[in-house]
$ cat work-v2.tsv   # TSV, C-alpha atoms
chain	number	residue	atom	x	y	z
A	14	MET	CA	45.93	63.95	91.61
A	15	PHE	CA	46.40	60.57	93.24
A	16	HIS	CA	46.65	60.35	97.01
A	17	GLU	CA	45.87	57.32	99.16
A	18	SER	CA	43.09	59.07	101.07
A	19	ASN	CA	41.48	60.80	98.07
A	20	ARG	CA	38.13	59.56	96.81
A	21	SER	CA	38.70	57.18	93.92
A	22	LEU	CA	37.33	58.14	90.51
A	23	LYS	CA	36.38	54.47	90.21
A	24	GLN	CA	33.66	53.31	92.62
A	25	ASP	CA	32.51	50.03	91.06
A	26	LEU	CA	35.33	48.10	92.73
A	27	THR	CA	35.67	44.44	93.71
A	28	PHE	CA	38.32	42.86	95.93
A	29	THR	CA	38.52	39.17	95.05
A	30	VAL	CA	42.30	38.87	95.42
A	31	ALA	CA	42.63	41.25	98.40
A	32	GLU	CA	39.89	39.42	100.31
A	33	LYS	CA	41.55	36.05	99.71
A	34	LEU	CA	45.02	37.19	100.78
A	35	LEU	CA	43.75	39.05	103.84
A	36	LYS	CA	41.68	36.05	104.91
A	37	GLU	CA	44.75	33.80	104.62
A	38	ASN	CA	46.50	36.16	107.03
A	39	GLY	CA	43.69	36.40	109.56
A	40	PHE	CA	41.91	39.56	108.38
A	41	ALA	CA	38.32	39.83	107.17
A	42	LEU	CA	37.76	42.56	104.61
A	43	ASP	CA	34.48	43.78	106.08
A	44	ARG	CA	33.28	47.37	106.32
A	45	GLU	CA	34.96	47.90	109.70
A	46	GLN	CA	38.26	46.57	108.43
A	47	MET	CA	38.00	48.72	105.30
A	48	GLN	CA	37.59	51.82	107.46
A	49	LYS	CA	40.59	50.88	109.61
A	50	MET	CA	42.68	50.35	106.47
A	51	LEU	CA	41.43	53.66	104.99
A	52	LEU	CA	39.86	51.95	102.02
A	53	VAL	CA	36.64	53.88	102.49
A	54	ASP	CA	35.91	57.46	103.47
A	55	ASP	CA	32.30	58.61	103.99
A	56	GLU	CA	31.14	55.37	102.36
A	57	ALA	CA	33.20	56.06	99.21
A	58	TYR	CA	36.21	54.05	98.09
A	59	THR	CA	39.59	55.79	98.29
A	60	ASP	CA	42.51	55.71	95.88
A	61	LEU	CA	44.12	53.14	98.19
A	62	ALA	CA	41.09	50.88	97.70
A	63	MET	CA	41.42	51.34	93.95
A	64	LEU	CA	45.02	50.04	94.05
A	65	LEU	CA	43.96	46.96	96.01
A	66	SER	CA	40.91	46.30	93.86
A	67	ASP	CA	40.58	43.94	90.90
A	68	GLN	CA	40.02	47.05	88.75
A	69	CYS	CA	43.39	48.68	89.48
A	70	PRO	CA	44.30	50.60	86.27
A	71	PHE	CA	48.07	50.21	86.68
A	72	SER	CA	50.14	47.24	85.57
A	73	ILE	CA	53.60	45.68	85.56
A	74	LYS	CA	55.20	45.01	82.17
A	75	ILE	CA	57.97	42.42	81.95
A	76	ALA	CA	60.19	41.72	78.95
A	77	VAL	CA	62.80	38.97	78.70
A	78	PHE	CA	65.64	39.53	76.22
A	79	GLU	CA	67.89	37.07	74.42
A	80	ASP	CA	71.13	38.73	75.50
A	81	CYS	CA	72.36	41.75	77.44
A	82	THR	CA	70.74	44.35	75.19
A	83	HIS	CA	67.22	45.39	74.20
A	84	THR	CA	67.61	43.82	70.75
A	85	LEU	CA	65.63	40.57	70.75
A	86	VAL	CA	62.64	39.83	73.00
A	87	LYS	CA	62.08	36.14	73.73
A	88	ASP	CA	59.23	36.48	76.23
A	89	ARG	CA	56.96	39.16	77.62
A	90	THR	CA	53.94	39.58	79.85
A	91	GLU	CA	51.79	42.31	81.35
A	92	ILE	CA	50.26	41.79	84.78
A	93	PHE	CA	47.01	43.53	85.69
A	94	GLY	CA	44.65	43.50	88.67
A	95	SER	CA	45.18	44.30	92.33
A	96	VAL	CA	48.70	45.44	93.16
A	97	LEU	CA	48.77	42.50	95.58
A	98	GLU	CA	48.20	40.12	92.69
A	99	GLN	CA	50.73	42.00	90.57
A	100	ALA	CA	53.40	41.49	93.23
A	101	THR	CA	52.83	37.74	93.54
A	102	GLU	CA	52.43	37.11	89.80
A	103	ALA	CA	55.49	39.19	88.88
A	104	LEU	CA	57.61	37.21	91.35
A	105	LYS	CA	56.28	33.91	89.97
A	106	PHE	CA	57.22	35.00	86.44
A	107	LEU	CA	60.70	36.18	87.47
A	108	ASN	CA	61.36	33.03	89.49
A	109	PHE	CA	60.73	31.00	86.35
A	110	TYR	CA	63.80	32.72	84.84
A	111	ASN	CA	65.81	32.61	88.06
A	112	ALA	CA	67.95	29.60	87.22
A	113	THR	CA	70.18	27.73	89.66
A	114	ARG	CA	73.85	26.89	89.11
A	115	SER	CA	75.10	23.82	90.96
A	116	VAL	CA	78.76	23.23	91.77
A	117	ILE	CA	79.95	19.99	93.33
A	118	GLY	CA	82.42	20.82	96.09
A	119	GLU	CA	84.69	18.53	98.07
A	120	ILE	CA	81.98	17.82	100.63
A	121	LYS	CA	78.62	18.95	99.26
A	122	ARG	CA	76.87	20.49	96.31
A	123	ILE	CA	76.53	24.29	96.31
A	124	ASP	CA	73.45	25.73	94.62
A	125	THR	CA	73.37	29.42	93.66
A	126	ARG	CA	70.34	31.12	92.18
A	127	ASN	CA	71.08	33.73	89.51
A	128	TYR	CA	69.30	36.30	91.68
A	129	PRO	CA	68.86	36.10	95.47
A	130	PRO	CA	65.08	35.54	95.96
A	131	GLN	CA	65.08	38.02	98.85
A	132	ALA	CA	66.56	40.74	96.63
A	133	LEU	CA	64.02	40.05	93.88
A	134	ARG	CA	61.13	40.24	96.32
A	135	GLU	CA	62.37	43.45	97.93
A	136	ALA	CA	62.94	45.12	94.56
A	137	VAL	CA	59.50	44.21	93.18
A	138	VAL	CA	57.58	45.07	96.36
A	139	ASN	CA	59.46	48.35	96.81
A	140	ALA	CA	58.69	49.32	93.21
A	141	ILE	CA	54.98	48.83	93.90
A	142	VAL	CA	54.83	50.43	97.35
A	143	HIS	CA	57.11	53.40	96.65
A	144	ARG	CA	56.07	54.30	93.10
A	145	ASP	CA	54.38	57.61	92.37
A	146	TYR	CA	50.86	56.74	91.23
A	147	ALA	CA	50.25	60.36	90.25
A	148	LEU	CA	52.56	59.76	87.27
A	149	SER	CA	51.44	57.98	84.14
A	150	GLY	CA	53.22	54.85	83.03
A	151	ASP	CA	53.67	51.42	84.55
A	152	ILE	CA	56.40	49.53	86.36
A	153	LEU	CA	58.82	48.07	83.81
A	154	ILE	CA	60.95	44.99	84.44
A	155	TYR	CA	63.65	43.95	81.97
A	156	VAL	CA	65.28	40.53	82.22
A	157	PHE	CA	68.67	40.37	80.47
A	158	GLU	CA	71.32	37.65	80.46
A	159	ASP	CA	73.47	39.51	82.98
A	160	ARG	CA	70.92	41.51	85.02
A	161	ILE	CA	67.34	42.33	85.88
A	162	GLU	CA	66.30	45.99	85.80
A	163	ILE	CA	63.21	47.22	87.64
A	164	VAL	CA	62.06	50.73	86.77
A	165	SER	CA	59.23	52.43	88.65
A	166	PRO	CA	57.70	55.90	88.09
A	167	GLY	CA	58.68	58.41	90.75
A	168	SER	CA	62.06	59.42	92.08
A	169	VAL	CA	63.21	59.91	95.68
A	170	PRO	CA	60.44	61.52	97.81
A	171	ASN	CA	60.83	65.25	98.36
A	172	GLY	CA	63.05	66.17	101.27
A	173	PHE	CA	65.20	63.05	101.11
A	174	ALA	CA	68.55	62.42	99.47
A	175	PHE	CA	69.29	59.05	97.93
A	176	GLU	CA	72.23	58.62	100.33
A	177	GLU	CA	69.77	58.86	103.23
A	178	MET	CA	67.57	56.18	101.67
A	179	GLU	CA	70.58	53.86	101.40
A	180	LYS	CA	71.05	54.20	105.16
A	181	GLY	CA	67.43	53.37	105.86
A	182	TYR	CA	66.07	56.89	106.33
A	183	SER	CA	63.07	57.37	104.13
A	184	SER	CA	59.51	58.57	103.98
A	185	LEU	CA	57.00	56.20	102.41
A	186	ARG	CA	55.19	57.88	99.56
A	187	ASN	CA	52.27	55.50	100.14
A	188	PRO	CA	52.46	54.57	103.86
A	189	HIS	CA	49.02	52.94	104.09
A	190	LEU	CA	49.76	50.76	101.05
A	191	GLY	CA	53.01	49.82	102.76
A	192	GLU	CA	51.07	48.84	105.88
A	193	VAL	CA	48.84	46.51	103.84
A	194	PHE	CA	51.91	44.80	102.36
A	195	ARG	CA	53.41	44.50	105.84
A	196	ARG	CA	50.23	42.88	107.19
A	197	LEU	CA	50.35	40.34	104.40
A	198	LYS	CA	54.02	39.65	105.13
A	199	LEU	CA	54.98	40.80	101.65
A	200	MET	CA	57.02	43.60	103.23
A	201	GLU	CA	58.77	43.24	106.57
A	202	THR	CA	59.40	46.80	107.64
A	203	TYR	CA	59.92	50.30	106.28
A	204	GLY	CA	63.04	52.00	105.01
A	205	ILE	CA	65.43	49.06	104.76
A	206	GLY	CA	64.61	47.69	101.29
A	207	ILE	CA	67.86	48.91	99.72
A	208	ALA	CA	69.88	47.63	102.67
A	209	ARG	CA	68.25	44.20	102.41
A	210	ILE	CA	68.95	44.02	98.67
A	211	LYS	CA	72.60	44.89	99.30
A	212	LEU	CA	72.81	42.31	102.08
A	213	ALA	CA	71.52	39.61	99.72
A	214	TYR	CA	74.56	40.31	97.49
A	215	ALA	CA	77.06	40.58	100.35
A	216	ASP	CA	78.95	37.44	99.25
A	217	SER	CA	78.80	38.23	95.53
A	218	ASP	CA	81.45	40.00	93.44
A	219	SER	CA	78.67	41.66	91.45
A	220	LYS	CA	76.69	44.31	93.30
A	221	PRO	CA	73.23	45.82	92.70
A	222	THR	CA	73.00	49.43	91.56
A	223	PHE	CA	70.35	52.06	92.24
A	224	THR	CA	69.62	55.08	90.06
A	225	ALA	CA	67.35	57.93	91.09
A	226	GLY	CA	66.33	59.94	88.02
A	227	SER	CA	64.12	63.00	87.85
A	228	ALA	CA	60.96	60.91	87.45
A	229	ILE	CA	61.99	57.25	87.78
A	230	PHE	CA	63.81	54.95	90.16
A	231	ARG	CA	65.83	52.07	88.71
A	232	VAL	CA	67.16	49.01	90.49
A	233	SER	CA	69.62	46.79	88.62
A	234	LEU	CA	70.20	43.31	90.06
A	235	PRO	CA	73.23	41.50	88.59
A	236	ASN	CA	73.07	37.84	87.63
A	237	ARG	CA	75.49	36.24	90.11
A	238	ASN	CA	76.15	33.31	87.77
A	239	TYR	CA	76.58	35.28	84.56
A	240	GLN	CA	80.36	35.58	84.71
A	241	PHE	CA	80.61	31.82	85.24
A	242	ASP	CA	78.26	31.08	82.36
A	243	VAL	CA	80.00	33.52	79.99
A	244	ASN	CA	83.42	32.08	80.70
A	245	ARG	CA	82.14	28.52	80.34
A	246	ASP	CA	80.36	29.32	77.07
A	247	GLU	CA	83.02	31.52	75.55
A	248	GLU	CA	85.95	29.31	76.45
A	249	GLY	CA	84.09	26.10	75.53
A	250	ASP	CA	84.80	22.64	76.83
A	251	THR	CA	87.07	21.82	73.86
A	252	GLY	CA	88.79	25.16	73.49
A	253	GLU	CA	86.91	25.78	70.26
A	254	GLN	CA	85.34	29.12	69.49
A	255	SER	CA	81.75	29.13	70.86
A	256	PRO	CA	78.86	30.85	69.02
A	257	LEU	CA	78.65	33.52	71.74
A	258	LEU	CA	82.34	34.29	71.58
A	259	ALA	CA	82.25	34.31	67.77
A	260	ASP	CA	79.48	36.89	67.97
A	261	ARG	CA	81.58	39.06	70.32
A	262	ILE	CA	84.51	38.95	67.88
A	263	ARG	CA	82.19	39.77	64.98
A	264	GLN	CA	80.88	42.83	66.84
A	265	ILE	CA	84.41	44.03	67.54
A	266	ARG	CA	85.53	43.42	63.95
A	267	GLU	CA	82.52	45.28	62.50
A	268	HIS	CA	82.99	48.21	64.86
A	269	TYR	CA	86.78	48.53	65.01
A	270	GLY	CA	88.21	46.39	62.22
A	271	HIS	CA	91.79	45.17	62.66
A	272	ASP	CA	93.48	48.55	62.70
A	273	ARG	CA	91.56	50.49	65.38
A	274	SER	CA	92.29	50.18	69.07
A	275	PHE	CA	89.68	50.03	71.80
A	276	GLU	CA	89.55	50.11	75.59
A	277	ARG	CA	87.60	48.03	78.07
A	278	LYS	CA	85.05	50.80	78.56
A	279	ASP	CA	84.49	50.85	74.77
A	280	LEU	CA	83.44	47.20	74.87
A	281	GLU	CA	81.20	47.85	77.87
A	282	ALA	CA	79.29	50.36	75.74
A	283	LEU	CA	79.39	48.16	72.62
A	284	PHE	CA	78.12	45.01	74.33
A	285	GLY	CA	75.97	46.72	76.95
A	286	LEU	CA	77.68	44.69	79.68
A	287	THR	CA	79.04	45.41	83.14
A	288	THR	CA	82.74	45.95	83.87
A	289	PRO	CA	83.37	42.53	85.54
A	290	THR	CA	81.72	40.73	82.62
A	291	VAL	CA	83.79	42.57	79.99
A	292	ILE	CA	86.97	41.90	81.99
A	293	GLY	CA	86.14	38.19	81.79
A	294	ILE	CA	85.51	38.41	78.04
A	295	LEU	CA	88.81	40.23	77.48
A	296	SER	CA	90.61	37.59	79.51
A	297	THR	CA	89.09	34.83	77.36
A	298	LEU	CA	89.95	36.64	74.11
A	299	LYS	CA	93.57	37.10	75.22
A	300	SER	CA	93.92	33.50	76.40
A	301	HIS	CA	92.82	32.31	72.94
A	302	ASN	CA	95.24	34.75	71.28
A	303	TRP	CA	92.46	36.62	69.45
A	304	ILE	CA	93.42	40.07	70.78
A	305	GLU	CA	96.54	41.79	72.02
A	306	GLY	CA	96.80	44.51	74.62
A	307	VAL	CA	99.31	47.35	74.94
A	308	ARG	CA	99.58	49.48	78.07
A	309	GLN	CA	99.85	53.25	77.57
A	310	GLY	CA	100.28	54.79	80.97
A	311	LYS	CA	97.19	53.84	83.00
A	312	ARG	CA	95.30	52.82	79.88
A	313	VAL	CA	95.30	49.44	78.15
A	314	LEU	CA	94.52	49.52	74.42
A	315	TYR	CA	93.37	46.33	72.69
A	316	ARG	CA	93.38	45.31	69.02
A	317	LEU	CA	92.23	42.24	67.11
A	318	LYS	CA	95.03	39.96	65.92
A	319	GLY	CA	95.23	38.30	62.54

$ encode --input "work-v2.tsv" --output "structure tokens"
Amino acid sequence: MFHESNRSLKQDLTFTVAEKLLKENGFALDREQMQKMLLVDDEAYTDLAMLLSDQCPFSIKIAVFEDCTHTLVKDRTEIFGSVLEQATEALKFLNFYNATRSVIGEIKRIDTRNYPPQALREAVVNAIVHRDYALSGDILIYVFEDRIEIVSPGSVPNGFAFEEMEKGYSSLRNPHLGEVFRRLKLMETYGIGIARIKLAYADSDSKPTFTAGSAIFRVSLPNRNYQFDVNRDEEGDTGEQSPLLADRIRQIREHYGHDRSFERKDLEALFGLTTPTVIGILSTLKSHNWIEGVRQGKRVLYRLKG
């Protein structure tokens, strides 16, 4: 069973990446330093050392999808090596897909990244530091058009409720690993990762979500520019039907035809999109007179026209 202070089953370890990063931050990875960091115990490497080593057996798998579902993969990678290298390489890969939308205002240009860099960093680092390494499986990151999902093995540590974690009360599953990340300035402090992610989205209509399952923890970061891009694409500059909007109508027609009604939540499930995004799509469809809506009490039922 994995534990930071346990003797590692692997003893032929090297630390090329860890040594480089520690040196850049003023630490020499000599025998004395290894003992202080609990990388060795009675001259044997610990499980913590194994995570920091070039031979770390865990990885991060990233898949980039064409749309908002798991249907078509357009890019993928798997990152191996020291968990320190995994953190930096995963963030480099994700930043490549973190586009910027620029809007020219009355006075200056406003640039907005799809995902706040601080939120991305917190989510990736927290997945590495807090994951349960006693469980099999790797960290999974899914990049969709409207969100990024980061799934790590291991739920909320025993004795803590998720609500307590949201408020900053938590117990690090791997405290010594967390200390290494803090020394390298990859992690600022303990227990406030969720709060920092929320703060990064404070000015956004779309908010991140957190799901604690029985054996996984999922963070979903919404694309702050997705609603803008969907409306721009689906409305089109000329008012003509865009390919993306045509595909939405095709999906509705194949699923409901012209005689069956559907609700907003039905389209959320059909498209695999968030509520704000589907509201925008419905608004576009109504403005182009492709659907009609009828209110029945608190419900609004929609139907294709024509």

$ atom_distance --input "work-v2.tsv" --atom1 "atom CA of A:Ala228" --atom2 "atom CA of A:Phe15"
15.7 Å

$ closest_residue --input "work-v2.tsv" --among "A:Asn187, A:Gln131, A:Ser149, A:Thr29" --to "A:Glu201" --atoms "only C-alpha atoms"
A:Gln131

$ residues_around --input "work-v2.tsv" --residues "A:Ala62" --least-positions-apart "2" --cutoff "10 Å" --atoms "all atoms listed in the file" --output "PyMOL selection string"
chain A and resi 17-21+23-24+26-28+31+47+50-53+57-60+64-69+95+190

$ atom_distance --input "work-v2.tsv" --atom1 "atom CA of A:Tyr146" --atom2 "atom CA of A:Ala208"
24.0 Å

$ atom_distance --input "work-v2.tsv" --atom1 "atom CA of A:Thr125" --atom2 "atom CA of A:Asn236"
10.4 Å

$ axis_aligned_box --input "work-v2.tsv" --around "stretch 85-102 of chain A" --padding-each-side "8 Å" --output "JSON"
{"center_x": 55.1, "center_y": 40.8, "center_z": 83.2, "size_x": 37.0, "size_y": 25.3, "size_z": 40.8}

$ residues_around --input "work-v2.tsv" --residues "A:Val193" --least-positions-apart "4" --cutoff "10 Å" --atoms "only C-alpha atoms" --output "PyMOL selection string"
chain A and resi 31+35+50+61+65+97+142+188-189+197-200

$ closest_residue --input "work-v2.tsv" --among "A:His16, A:Lys87, A:Arg195, A:Arg237" --to "A:Asn38" --atoms "only C-alpha atoms"
A:Arg195

$ closest_residue --input "work-v2.tsv" --among "A:Arg263, A:Arg134, A:Arg196, A:His301" --to "A:Leu34" --atoms "all atoms listed in the file"
A:Arg196

$ closest_residue --input "work-v2.tsv" --among "A:Asp216, A:Tyr315, A:Arg266, A:Glu305" --to "A:Lys278" --atoms "all atoms listed in the file"
A:Tyr315

$ residues_around --input "work-v2.tsv" --residues "A:Asp88" --least-positions-apart "3" --cutoff "8 Å" --atoms "all atoms listed in the file" --output "list in words"
Ala76, Val77 and Phe78 of chain A

$ closest_residue --input "work-v2.tsv" --among "A:Phe275, A:Phe40, A:Tyr128, A:Tyr155" --to "A:Thr90" --atoms "all atoms listed in the file"
A:Tyr155

$ closest_residue --input "work-v2.tsv" --among "A:Thr101, A:Thr82, A:Ser227, A:Thr297" --to "A:Ile262" --atoms "only C-alpha atoms"
A:Thr297

$ residues_around --input "work-v2.tsv" --residues "stretch 164-166 of chain A" --least-positions-apart "5" --cutoff "9 Å" --atoms "all atoms listed in the file" --output "JSON, numbers by chain"
{"A": [140, 141, 143, 144, 145, 146, 147, 148, 149, 150, 151, 152, 153, 154, 155, 228, 229, 230, 231, 232, 233]}

$ residues_around --input "work-v2.tsv" --residues "A:His271" --least-positions-apart "6" --cutoff "9 Å" --atoms "only C-alpha atoms" --output "number ranges by chain"
A: 265, 316-319
